[in-house]
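As stored in work.pdb (PDB, C-alpha atoms):
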ATOM      1  CA  MET X   1     -35.217  16.950 -37.280
ATOM      2  CA  LYS X   2     -33.611  15.363 -34.210
ATOM      3  CA  GLU X   3     -35.821  13.720 -31.574
ATOM      4  CA  PRO X   4     -35.653  15.447 -28.165
ATOM      5  CA  ARG X   5     -33.447  13.438 -25.775
ATOM      6  CA  VAL X   6     -35.550  14.027 -22.672
ATOM      7  CA  THR X   7     -37.989  11.167 -22.147
ATOM      8  CA  SER X   8     -41.529  12.275 -21.445
ATOM      9  CA  LEU X   9     -43.060  11.070 -18.171
ATOM     10  CA  TRP X  10     -45.949   9.686 -20.200
ATOM     11  CA  THR X  11     -43.601   7.143 -21.819
ATOM     12  CA  TYR X  12     -43.886   5.167 -18.589
ATOM     13  CA  ALA X  13     -47.629   4.990 -19.058
ATOM     14  CA  ASN X  14     -46.835   2.338 -21.669
ATOM     15  CA  PRO X  15     -47.137  -0.987 -19.759
ATOM     16  CA  LYS X  16     -44.201  -2.591 -21.608
ATOM     17  CA  LYS X  17     -41.934   0.392 -20.930
ATOM     18  CA  PHE X  18     -43.081   0.463 -17.291
ATOM     19  CA  ILE X  19     -42.153  -3.204 -16.783
ATOM     20  CA  GLU X  20     -38.787  -2.769 -18.546
ATOM     21  CA  THR X  21     -37.900   0.261 -16.401
ATOM     22  CA  THR X  22     -39.047  -1.251 -13.110
ATOM     23  CA  ASP X  23     -37.053  -4.418 -13.917
ATOM     24  CA  LYS X  24     -33.952  -2.267 -13.391
ATOM     25  CA  VAL X  25     -35.225   0.060 -10.630
ATOM     26  CA  LEU X  26     -37.089  -2.360  -8.342
ATOM     27  CA  PRO X  27     -34.092  -4.343  -6.953
ATOM     28  CA  TRP X  28     -32.336  -1.084  -5.993
ATOM     29  CA  VAL X  29     -35.389   0.422  -4.297
ATOM     30  CA  ALA X  30     -36.133  -2.839  -2.457
ATOM     31  CA  THR X  31     -32.532  -3.149  -1.231
ATOM     32  CA  LEU X  32     -32.430   0.485  -0.081
ATOM     33  CA  ALA X  33     -35.792   0.032   1.676
ATOM     34  CA  LEU X  34     -34.470  -2.994   3.576
ATOM     35  CA  ILE X  35     -31.269  -1.181   4.587
ATOM     36  CA  CYS X  36     -33.112   1.934   5.807
ATOM     37  CA  LEU X  37     -35.825  -0.042   7.616
ATOM     38  CA  VAL X  38     -33.392  -2.357   9.412
ATOM     39  CA  THR X  39     -31.056   0.551  10.300
ATOM     40  CA  GLY X  40     -33.842   2.873  11.468
ATOM     41  CA  LEU X  41     -35.633   0.263  13.566
ATOM     42  CA  ILE X  42     -32.484  -1.229  15.137
ATOM     43  CA  TRP X  43     -31.127   2.262  15.871
ATOM     44  CA  GLY X  44     -34.416   3.362  17.386
ATOM     45  CA  PHE X  45     -35.086   0.174  19.351
ATOM     46  CA  PHE X  46     -31.626  -0.599  20.713
ATOM     47  CA  PHE X  47     -29.683   2.660  20.765
ATOM     48  CA  THR X  48     -32.036   5.433  21.890
ATOM     49  CA  PRO X  49     -32.868   6.329  25.514
ATOM     50  CA  ASP X  50     -36.279   6.217  27.163
ATOM     51  CA  ASP X  51     -38.353   9.385  27.181
ATOM     52  CA  TYR X  52     -38.672  11.110  30.571
ATOM     53  CA  ARG X  53     -42.474  10.969  30.406
ATOM     54  CA  GLN X  54     -43.325   8.073  28.070
ATOM     55  CA  GLY X  55     -40.563   5.703  29.213
ATOM     56  CA  ALA X  56     -39.731   2.897  26.770
ATOM     57  CA  THR X  57     -43.023   3.336  24.864
ATOM     58  CA  VAL X  58     -41.329   6.153  22.941
ATOM     59  CA  LYS X  59     -39.722   3.385  20.844
ATOM     60  CA  ILE X  60     -43.114   2.826  19.193
ATOM     61  CA  ILE X  61     -42.644   6.197  17.459
ATOM     62  CA  TYR X  62     -40.269   4.571  14.903
ATOM     63  CA  ILE X  63     -43.156   2.490  13.559
ATOM     64  CA  HIS X  64     -46.209   4.575  14.379
ATOM     65  CA  VAL X  65     -45.143   7.899  12.818
ATOM     66  CA  PRO X  66     -43.794   6.475   9.503
ATOM     67  CA  SER X  67     -46.787   4.162   9.047
ATOM     68  CA  ALA X  68     -49.282   6.973   9.753
ATOM     69  CA  LEU X  69     -47.411   9.227   7.335
ATOM     70  CA  MET X  70     -47.488   6.567   4.630
ATOM     71  CA  ALA X  71     -51.153   5.738   5.256
ATOM     72  CA  ILE X  72     -52.068   9.333   4.352
ATOM     73  CA  ASN X  73     -49.514   9.783   1.571
ATOM     74  CA  ALA X  74     -50.489   6.463  -0.039
ATOM     75  CA  TRP X  75     -54.019   7.820  -0.415
ATOM     76  CA  LEU X  76     -52.666  11.071  -1.874
ATOM     77  CA  MET X  77     -50.585   9.065  -4.357
ATOM     78  CA  MET X  78     -53.764   7.135  -5.284
ATOM     79  CA  LEU X  79     -55.518  10.485  -5.731
ATOM     80  CA  VAL X  80     -52.869  11.722  -8.191
ATOM     81  CA  ALA X  81     -52.942   8.406 -10.089
ATOM     82  CA  SER X  82     -56.756   8.498 -10.184
ATOM     83  CA  LEU X  83     -56.734  12.060 -11.542
ATOM     84  CA  VAL X  84     -54.263  10.980 -14.248
ATOM     85  CA  TRP X  85     -56.652   8.137 -15.145
ATOM     86  CA  ILE X  86     -59.667  10.461 -15.247
ATOM     87  CA  VAL X  87     -57.887  13.081 -17.377
ATOM     88  CA  ARG X  88     -55.562  11.040 -19.601
ATOM     89  CA  ARG X  89     -56.993   7.484 -19.458
ATOM     90  CA  HIS X  90     -53.622   5.823 -18.877
ATOM     91  CA  HIS X  91     -54.243   2.277 -17.639
ATOM     92  CA  VAL X  92     -50.938   2.090 -15.748
ATOM     93  CA  SER X  93     -51.968   4.991 -13.504
ATOM     94  CA  ALA X  94     -55.301   3.349 -12.626
ATOM     95  CA  LEU X  95     -53.501   0.066 -11.936
ATOM     96  CA  ALA X  96     -50.881   1.869  -9.819
ATOM     97  CA  ALA X  97     -53.685   3.335  -7.678
ATOM     98  CA  ARG X  98     -55.177  -0.153  -7.337
ATOM     99  CA  ALA X  99     -51.754  -1.561  -6.429
ATOM    100  CA  ALA X 100     -51.152   1.081  -3.751
ATOM    101  CA  ALA X 101     -54.435   0.541  -1.882
ATOM    102  CA  PRO X 102     -53.542  -2.666   0.046
ATOM    103  CA  VAL X 103     -50.161  -1.156   0.960
ATOM    104  CA  GLY X 104     -51.892   1.978   2.263
ATOM    105  CA  LEU X 105     -54.417  -0.161   4.138
ATOM    106  CA  VAL X 106     -51.670  -2.131   5.904
ATOM    107  CA  MET X 107     -49.932   1.148   6.844
ATOM    108  CA  THR X 108     -53.238   2.439   8.264
ATOM    109  CA  LEU X 109     -53.768  -0.770  10.268
ATOM    110  CA  ILE X 110     -50.211  -0.558  11.655
ATOM    111  CA  ALA X 111     -50.749   3.076  12.665
ATOM    112  CA  LEU X 112     -54.082   2.245  14.345
ATOM    113  CA  ALA X 113     -52.730  -0.866  16.103
ATOM    114  CA  THR X 114     -49.528   0.751  17.386
ATOM    115  CA  GLY X 115     -51.495   3.851  18.412
ATOM    116  CA  ALA X 116     -53.940   1.725  20.413
ATOM    117  CA  ILE X 117     -51.146  -0.326  22.015
ATOM    118  CA  TRP X 118     -49.337   2.890  22.979
ATOM    119  CA  GLY X 119     -52.541   4.643  24.084
ATOM    120  CA  GLN X 120     -53.507   1.983  26.640
ATOM    121  CA  PRO X 121     -50.673   2.742  29.132
ATOM    122  CA  MET X 122     -50.302   6.440  28.187
ATOM    123  CA  TRP X 123     -53.908   7.633  27.870
ATOM    124  CA  GLY X 124     -55.473   4.813  29.900
ATOM    125  CA  THR X 125     -57.573   3.706  26.924
ATOM    126  CA  TRP X 126     -57.099   1.747  23.681
ATOM    127  CA  TRP X 127     -59.347   4.081  21.771
ATOM    128  CA  ALA X 128     -60.874   7.552  22.033
ATOM    129  CA  TRP X 129     -63.216   9.314  19.620
ATOM    130  CA  ASP X 130     -60.544  11.920  19.087
ATOM    131  CA  PRO X 131     -60.684  13.892  15.780
ATOM    132  CA  ARG X 132     -57.453  12.462  14.415
ATOM    133  CA  LEU X 133     -58.218   8.879  15.457
ATOM    134  CA  THR X 134     -61.744   9.096  14.098
ATOM    135  CA  SER X 135     -60.699  10.563  10.739
ATOM    136  CA  PHE X 136     -58.045   7.847  10.533
ATOM    137  CA  LEU X 137     -60.656   5.161  11.194
ATOM    138  CA  VAL X 138     -62.846   6.605   8.439
ATOM    139  CA  LEU X 139     -59.810   6.585   6.109
ATOM    140  CA  THR X 140     -59.356   2.866   6.933
ATOM    141  CA  LEU X 141     -62.969   2.224   5.935
ATOM    142  CA  PHE X 142     -62.375   4.113   2.680
ATOM    143  CA  TYR X 143     -59.378   1.841   1.982
ATOM    144  CA  PHE X 144     -61.560  -1.261   2.532
ATOM    145  CA  GLY X 145     -64.295   0.226   0.338
ATOM    146  CA  TYR X 146     -61.845   1.134  -2.423
ATOM    147  CA  ILE X 147     -60.342  -2.391  -2.510
ATOM    148  CA  ALA X 148     -63.789  -3.991  -2.400
ATOM    149  CA  LEU X 149     -65.045  -1.799  -5.259
ATOM    150  CA  TRP X 150     -62.139  -2.828  -7.519
ATOM    151  CA  ALA X 151     -62.853  -6.486  -6.708
ATOM    152  CA  ALA X 152     -66.598  -6.171  -7.264
ATOM    153  CA  ILE X 153     -66.566  -4.771 -10.815
ATOM    154  CA  GLU X 154     -65.578  -7.041 -13.685
ATOM    155  CA  ASN X 155     -64.881  -4.369 -16.299
ATOM    156  CA  ASP X 156     -61.485  -2.810 -15.541
ATOM    157  CA  ASP X 157     -62.283   0.600 -17.040
ATOM    158  CA  THR X 158     -65.589   0.946 -15.171
ATOM    159  CA  ALA X 159     -63.854  -0.134 -11.953
ATOM    160  CA  ALA X 160     -61.125   2.449 -12.537
ATOM    161  CA  ASP X 161     -63.742   5.186 -13.126
ATOM    162  CA  LEU X 162     -65.766   4.408 -10.006
ATOM    163  CA  THR X 163     -62.776   3.872  -7.706
ATOM    164  CA  SER X 164     -61.302   7.172  -8.918
ATOM    165  CA  ILE X 165     -64.452   8.973  -7.784
ATOM    166  CA  LEU X 166     -64.323   7.152  -4.435
ATOM    167  CA  CYS X 167     -60.673   8.168  -4.112
ATOM    168  CA  LEU X 168     -61.579  11.839  -4.669
ATOM    169  CA  VAL X 169     -64.213  11.664  -1.912
ATOM    170  CA  GLY X 170     -61.888   9.798   0.493
ATOM    171  CA  SER X 171     -59.205  12.439   0.036
ATOM    172  CA  VAL X 172     -61.174  14.711   2.373
ATOM    173  CA  PHE X 173     -60.483  12.228   5.202
ATOM    174  CA  ALA X 174     -56.847  11.776   4.187
ATOM    175  CA  VAL X 175     -56.362  15.547   4.539
ATOM    176  CA  LEU X 176     -58.405  15.612   7.776
ATOM    177  CA  SER X 177     -56.222  12.810   9.216
ATOM    178  CA  ARG X 178     -53.137  14.875   8.472
ATOM    179  CA  TYR X 179     -54.312  18.226   9.788
ATOM    180  CA  ALA X 180     -56.905  17.302  12.445
ATOM    181  CA  VAL X 181     -54.396  17.838  15.267
ATOM    182  CA  ASN X 182     -53.772  21.381  14.064
ATOM    183  CA  PHE X 183     -57.318  22.707  14.075
ATOM    184  CA  TRP X 184     -59.113  20.518  16.658
ATOM    185  CA  ASN X 185     -57.535  21.211  19.989
ATOM    186  CA  GLN X 186     -59.941  19.177  22.089
ATOM    187  CA  GLY X 187     -58.507  15.837  20.941
ATOM    188  CA  LEU X 188     -56.317  13.481  22.991
ATOM    189  CA  HIS X 189     -53.768  13.051  20.216
ATOM    190  CA  GLN X 190     -50.687  15.223  20.662
ATOM    191  CA  GLY X 191     -49.311  17.551  17.974
ATOM    192  CA  ALA X 192     -47.190  16.418  15.052
ATOM    193  CA  SER X 193     -43.939  14.651  16.042
ATOM    194  CA  LEU X 194     -42.153  16.205  13.080
ATOM    195  CA  SER X 195     -42.371  19.948  12.906
ATOM    196  CA  LEU X 196     -40.370  22.894  11.623
ATOM    197  CA  ASP X 197     -40.980  24.486  15.015
ATOM    198  CA  GLU X 198     -38.005  23.425  17.179
ATOM    199  CA  LYS X 199     -40.049  23.472  20.393
ATOM    200  CA  GLU X 200     -42.639  21.060  18.951
ATOM    201  CA  ASN X 201     -40.256  18.744  17.125
ATOM    202  CA  VAL X 202     -38.970  15.606  18.888
ATOM    203  CA  ALA X 203     -35.454  15.745  20.373
ATOM    204  CA  ASP X 204     -32.544  14.999  18.034
ATOM    205  CA  VAL X 205     -31.765  11.731  19.758
ATOM    206  CA  PHE X 206     -35.167  10.400  18.591
ATOM    207  CA  TYR X 207     -35.379  12.507  15.428
ATOM    208  CA  HIS X 208     -32.441  11.028  13.469
ATOM    209  CA  PRO X 209     -33.406   7.340  13.725
ATOM    210  CA  LEU X 210     -36.996   8.401  13.056
ATOM    211  CA  LEU X 211     -35.931  10.029   9.776
ATOM    212  CA  VAL X 212     -34.109   6.846   8.711
ATOM    213  CA  SER X 213     -37.149   4.779   9.599
ATOM    214  CA  ILE X 214     -39.418   7.138   7.614
ATOM    215  CA  ALA X 215     -37.068   6.808   4.613
ATOM    216  CA  GLY X 216     -37.357   3.016   4.985
ATOM    217  CA  PHE X 217     -41.162   3.115   5.014
ATOM    218  CA  VAL X 218     -41.261   5.474   1.996
ATOM    219  CA  LEU X 219     -38.902   3.210   0.023
ATOM    220  CA  LEU X 220     -40.819   0.092   1.099
ATOM    221  CA  PHE X 221     -44.016   1.719  -0.140
ATOM    222  CA  ILE X 222     -42.417   2.588  -3.506
ATOM    223  CA  ALA X 223     -40.961  -0.919  -3.902
ATOM    224  CA  LEU X 224     -44.275  -2.598  -3.081
ATOM    225  CA  VAL X 225     -46.285  -0.304  -5.351
ATOM    226  CA  LEU X 226     -43.890  -0.933  -8.260
ATOM    227  CA  LEU X 227     -44.035  -4.696  -7.685
ATOM    228  CA  ARG X 228     -47.811  -4.753  -7.325
ATOM    229  CA  THR X 229     -48.361  -2.461 -10.333
ATOM    230  CA  ARG X 230     -46.345  -4.892 -12.460
ATOM    231  CA  THR X 231     -48.567  -7.680 -11.138
ATOM    232  CA  GLU X 232     -51.734  -5.719 -11.958
ATOM    233  CA  ILE X 233     -50.466  -4.989 -15.498
ATOM    234  CA  ARG X 234     -49.781  -8.695 -16.071
ATOM    235  CA  ALA X 235     -53.118  -9.719 -14.518
ATOM    236  CA  ARG X 236     -54.941  -7.281 -16.836
ATOM    237  CA  ARG X 237     -53.112  -8.672 -19.871
ATOM    238  CA  THR X 238     -53.983 -12.216 -18.756
ATOM    239  CA  ARG X 239     -57.672 -11.296 -18.481
ATOM    240  CA  ALA X 240     -57.575  -9.695 -21.940
ATOM    241  CA  LEU X 241     -55.955 -12.766 -23.525
ATOM    242  CA  LEU X 242     -58.403 -15.127 -21.837
ATOM    243  CA  ALA X 243     -61.328 -12.997 -23.021
ATOM    244  CA  ARG X 244     -59.942 -13.043 -26.583
ATOM    245  CA  GLU X 245     -59.535 -16.829 -26.398
ATOM    246  CA  ARG X 246     -63.134 -17.272 -25.256
ATOM    247  CA  MET X 247     -64.381 -15.236 -28.247
ATOM    248  CA  ASN X 248     -62.445 -17.386 -30.757
TER     249      ASN X 248
ATOM    250  CA  MET J   1     -31.914  -6.334  24.461
ATOM    251  CA  PRO J   2     -32.629  -2.911  26.002
ATOM    252  CA  ASP J   3     -34.332  -2.720  29.376
ATOM    253  CA  LEU J   4     -37.923  -1.799  28.499
ATOM    254  CA  GLY J   5     -39.039  -1.842  32.131
ATOM    255  CA  LYS J   6     -42.768  -2.066  32.828
ATOM    256  CA  TYR J   7     -43.568  -1.231  29.182
ATOM    257  CA  ALA J   8     -41.806  -4.299  27.719
ATOM    258  CA  ASP J   9     -45.082  -6.011  26.710
ATOM    259  CA  THR J  10     -46.428  -2.804  25.142
ATOM    260  CA  VAL J  11     -43.340  -2.091  23.039
ATOM    261  CA  LEU J  12     -42.783  -5.709  21.982
ATOM    262  CA  ALA J  13     -46.459  -6.139  21.051
ATOM    263  CA  ALA J  14     -46.359  -2.995  18.879
ATOM    264  CA  TYR J  15     -43.244  -4.209  17.056
ATOM    265  CA  ALA J  16     -44.540  -7.790  16.684
ATOM    266  CA  VAL J  17     -47.899  -6.723  15.196
ATOM    267  CA  SER J  18     -46.257  -4.250  12.810
ATOM    268  CA  LEU J  19     -43.535  -6.587  11.584
ATOM    269  CA  ALA J  20     -46.075  -9.394  11.102
ATOM    270  CA  LEU J  21     -48.302  -7.111   8.992
ATOM    271  CA  ILE J  22     -45.361  -5.840   6.902
ATOM    272  CA  LEU J  23     -43.947  -9.338   6.344
ATOM    273  CA  GLY J  24     -47.413 -10.628   5.436
ATOM    274  CA  LEU J  25     -47.907  -7.854   2.897
ATOM    275  CA  VAL J  26     -44.483  -8.420   1.325
ATOM    276  CA  LEU J  27     -45.028 -12.200   1.156
ATOM    277  CA  VAL J  28     -48.504 -11.903  -0.388
ATOM    278  CA  SER J  29     -47.218  -9.353  -2.938
ATOM    279  CA  VAL J  30     -44.216 -11.472  -3.978
ATOM    280  CA  ILE J  31     -46.179 -14.745  -4.182
ATOM    281  CA  ARG J  32     -48.985 -13.170  -6.253
ATOM    282  CA  SER J  33     -46.463 -11.462  -8.527
ATOM    283  CA  SER J  34     -44.729 -14.741  -9.303
ATOM    284  CA  ARG J  35     -48.046 -16.624  -9.769
ATOM    285  CA  VAL J  36     -49.489 -14.019 -12.167
ATOM    286  CA  LYS J  37     -46.227 -13.863 -14.140
ATOM    287  CA  LYS J  38     -46.238 -17.654 -14.631
ATOM    288  CA  GLN J  39     -49.932 -17.599 -15.577
ATOM    289  CA  LEU J  40     -49.351 -14.910 -18.224
ATOM    290  CA  GLU J  41     -46.326 -16.737 -19.651
ATOM    291  CA  ALA J  42     -48.389 -19.939 -19.982
ATOM    292  CA  ILE J  43     -51.265 -18.133 -21.728
ATOM    293  CA  ASP J  44     -48.872 -16.200 -23.998
ATOM    294  CA  LYS J  45     -47.241 -19.494 -24.989
ATOM    295  CA  LYS J  46     -50.623 -21.091 -25.691
ATOM    296  CA  VAL J  47     -51.805 -18.112 -27.777
ATOM    297  CA  LYS J  48     -48.603 -18.202 -29.850
ATOM    298  CA  SER J  49     -48.841 -21.966 -30.424
ATOM    299  CA  ASP J  50     -52.514 -21.643 -31.468
ATOM    300  CA  GLY J  51     -51.450 -19.024 -33.998
TER     301      GLY J  51
END
Using the file provided, produce a representation of the structure as structure tokens.
Amino acid sequence: MKEPRVTSLWTYANPKKFIETTDKVLPWVATLALICLVTGLIWGFFFTPDDYRQGATVKIIYIHVPSALMAINAWLMMLVASLVWIVRRHHVSALAARAAAPVGLVMTLIALATGAIWGQPMWGTWWAWDPRLTSFLVLTLFYFGYIALWAAIENDDTAADLTSILCLVGSVFAVLSRYAVNFWNQGLHQGASLSLDEKENVADVFYHPLLVSIAGFVLLFIALVLLRTRTEIRARRTRALLARERMN
Amino acid sequence: MPDLGKYADTVLAAYAVSLALILGLVLVSVIRSSRVKKQLEAIDKKVKSDG
């Protein structure tokens, strides 16, 4: 009987296959990420007008919105990878979740920093205990906790188990960060910049460079997670070989 | 350079902090990747030579 030609997704759970595939994919994703990021940011910074209310601070949107989006989606990607680990025990998925955490943390820090820098002249304060800001801060703490937990446990499988549980719990705050502006109206933070509702969505002149910038951040995230997952796979193999050597 | 008016410091600070964080993350990731790869190659070589 002939083998089916379609490759199962689970094939990539094999570390060797994952490294072989990403050898080919990574340079393309990294190049595309650079092109989109440079184009989006230069377009937004140099070739868009000031907003009638926010003035030139509107240019911060090209960093703040994509980084906030990626901060939340990075956690959701970690959630999916953690669930795959819990259900199917594929090491690559646990290592991919581990690899994504520092990238997600940096995205969260960028979103918090740019939000604070923008908030000072616009709201008159660097920080407010607004529902979205607060849930985002809690998400940041979950990122720190997740990274610290991986570092604190020597056994990789135990670390993967415990961090997966932490990831499940933290997902509540990832979802809250995304939807807080929709169901808590008393906050300072305005509604979503990207919306299907034409009245709420930003004007086209800001929207198009913003989309390019978002594409750049998404591709940068993918490139970094692929690179860091490869590193984690190799680091795990190194630890296994060293442990075997010590036993001999 | 566009005229950023009275918000020049605000906008430039936001971009500077963000680009520094992104560049830092990329640098750390690339350096660690290359270090771990070399480490594994050295151990693999040693294991093979030891039989």
CA of Ile233 in chain X to CA of Ala94 in chain X, straight-line distance in Å: 10.1 Å
What residues in chain X have any atom no more than 8 Å from chain J when counting all atoms listed in the file, and can you write them as a short mmCIF file (atom, residue, chain, number, x, y, z; two decimals) with C-alpha atoms, in the coordinates of the input?
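Below is the file result-v8.cif, written as the result:
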data_model
loop_
_atom_site.label_atom_id
_atom_site.label_comp_id
_atom_site.auth_asym_id
_atom_site.auth_seq_id
_atom_site.Cartn_x
_atom_site.Cartn_y
_atom_site.Cartn_z
CA PHE X 45 -35.09 0.17 19.35
CA PHE X 46 -31.63 -0.60 20.71
CA GLY X 55 -40.56 5.70 29.21
CA ALA X 56 -39.73 2.90 26.77
CA THR X 57 -43.02 3.34 24.86
CA LYS X 59 -39.72 3.38 20.84
CA ILE X 60 -43.11 2.83 19.19
CA ILE X 63 -43.16 2.49 13.56
CA VAL X 103 -50.16 -1.16 0.96
CA VAL X 106 -51.67 -2.13 5.90
CA ILE X 110 -50.21 -0.56 11.66
CA ALA X 113 -52.73 -0.87 16.10
CA THR X 114 -49.53 0.75 17.39
CA ILE X 117 -51.15 -0.33 22.02
CA TRP X 118 -49.34 2.89 22.98
CA LEU X 224 -44.28 -2.60 -3.08
CA LEU X 227 -44.04 -4.70 -7.68
CA ARG X 228 -47.81 -4.75 -7.32
CA ARG X 230 -46.34 -4.89 -12.46
CA THR X 231 -48.57 -7.68 -11.14
CA ARG X 234 -49.78 -8.70 -16.07
CA ALA X 235 -53.12 -9.72 -14.52
CA ARG X 237 -53.11 -8.67 -19.87
CA THR X 238 -53.98 -12.22 -18.76
CA LEU X 241 -55.96 -12.77 -23.52
CA LEU X 242 -58.40 -15.13 -21.84
CA GLU X 245 -59.54 -16.83 -26.40
#
How many Å lie between CA of Val58 in chain X and CA of Thr140 in chain X, rounded to one decimal?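 A separation of 24.3 Å between them.
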Applying 8 Å and all atoms listed in the file, which residues near Gly44 in chain X remain after dropping the ones on its own chain fewer than 5 positions away? List them as a VMD selection string. chain X and resid 59 62 206 209 to 210
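The smallest atom-to-atom distance between Leu112 in chain X and any of X:Leu37, X:Ile147, X:Val84, X:Ala71, using all atoms listed in the file, is found for X:Ala71.
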Separation of CA of Ser171 in chain X from CA of Glu154 in chain X in Å: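 CA of Ser171 in chain X lies at a distance of 24.7 Å from CA of Glu154 in chain X.
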Could you tell me, as an MDAnalysis selection string, exactly which residues end up selected when the PyMOL selection byres ((chain X and resi 74) around 12) is applied to this structure? chainID X and resid 66:73 75:81 96:108 139:140 143 167 170:171 174:175 217:218 220:222 224:225
Those residues with C-alpha atoms, as a short mmCIF file (atom, residue, chain, number, x, y, z; two decimals), keeping the file's coordinate frame please?
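So the final result, stored in selection.cif, reads:
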data_model
loop_
_atom_site.label_atom_id
_atom_site.label_comp_id
_atom_site.auth_asym_id
_atom_site.auth_seq_id
_atom_site.Cartn_x
_atom_site.Cartn_y
_atom_site.Cartn_z
CA PRO X 66 -43.79 6.48 9.50
CA SER X 67 -46.79 4.16 9.05
CA ALA X 68 -49.28 6.97 9.75
CA LEU X 69 -47.41 9.23 7.34
CA MET X 70 -47.49 6.57 4.63
CA ALA X 71 -51.15 5.74 5.26
CA ILE X 72 -52.07 9.33 4.35
CA ASN X 73 -49.51 9.78 1.57
CA TRP X 75 -54.02 7.82 -0.42
CA LEU X 76 -52.67 11.07 -1.87
CA MET X 77 -50.58 9.06 -4.36
CA MET X 78 -53.76 7.14 -5.28
CA LEU X 79 -55.52 10.48 -5.73
CA VAL X 80 -52.87 11.72 -8.19
CA ALA X 81 -52.94 8.41 -10.09
CA ALA X 96 -50.88 1.87 -9.82
CA ALA X 97 -53.68 3.34 -7.68
CA ARG X 98 -55.18 -0.15 -7.34
CA ALA X 99 -51.75 -1.56 -6.43
CA ALA X 100 -51.15 1.08 -3.75
CA ALA X 101 -54.44 0.54 -1.88
CA PRO X 102 -53.54 -2.67 0.05
CA VAL X 103 -50.16 -1.16 0.96
CA GLY X 104 -51.89 1.98 2.26
CA LEU X 105 -54.42 -0.16 4.14
CA VAL X 106 -51.67 -2.13 5.90
CA MET X 107 -49.93 1.15 6.84
CA THR X 108 -53.24 2.44 8.26
CA LEU X 139 -59.81 6.58 6.11
CA THR X 140 -59.36 2.87 6.93
CA TYR X 143 -59.38 1.84 1.98
CA CYS X 167 -60.67 8.17 -4.11
CA GLY X 170 -61.89 9.80 0.49
CA SER X 171 -59.20 12.44 0.04
CA ALA X 174 -56.85 11.78 4.19
CA VAL X 175 -56.36 15.55 4.54
CA PHE X 217 -41.16 3.12 5.01
CA VAL X 218 -41.26 5.47 2.00
CA LEU X 220 -40.82 0.09 1.10
CA PHE X 221 -44.02 1.72 -0.14
CA ILE X 222 -42.42 2.59 -3.51
CA LEU X 224 -44.28 -2.60 -3.08
CA VAL X 225 -46.28 -0.30 -5.35
#
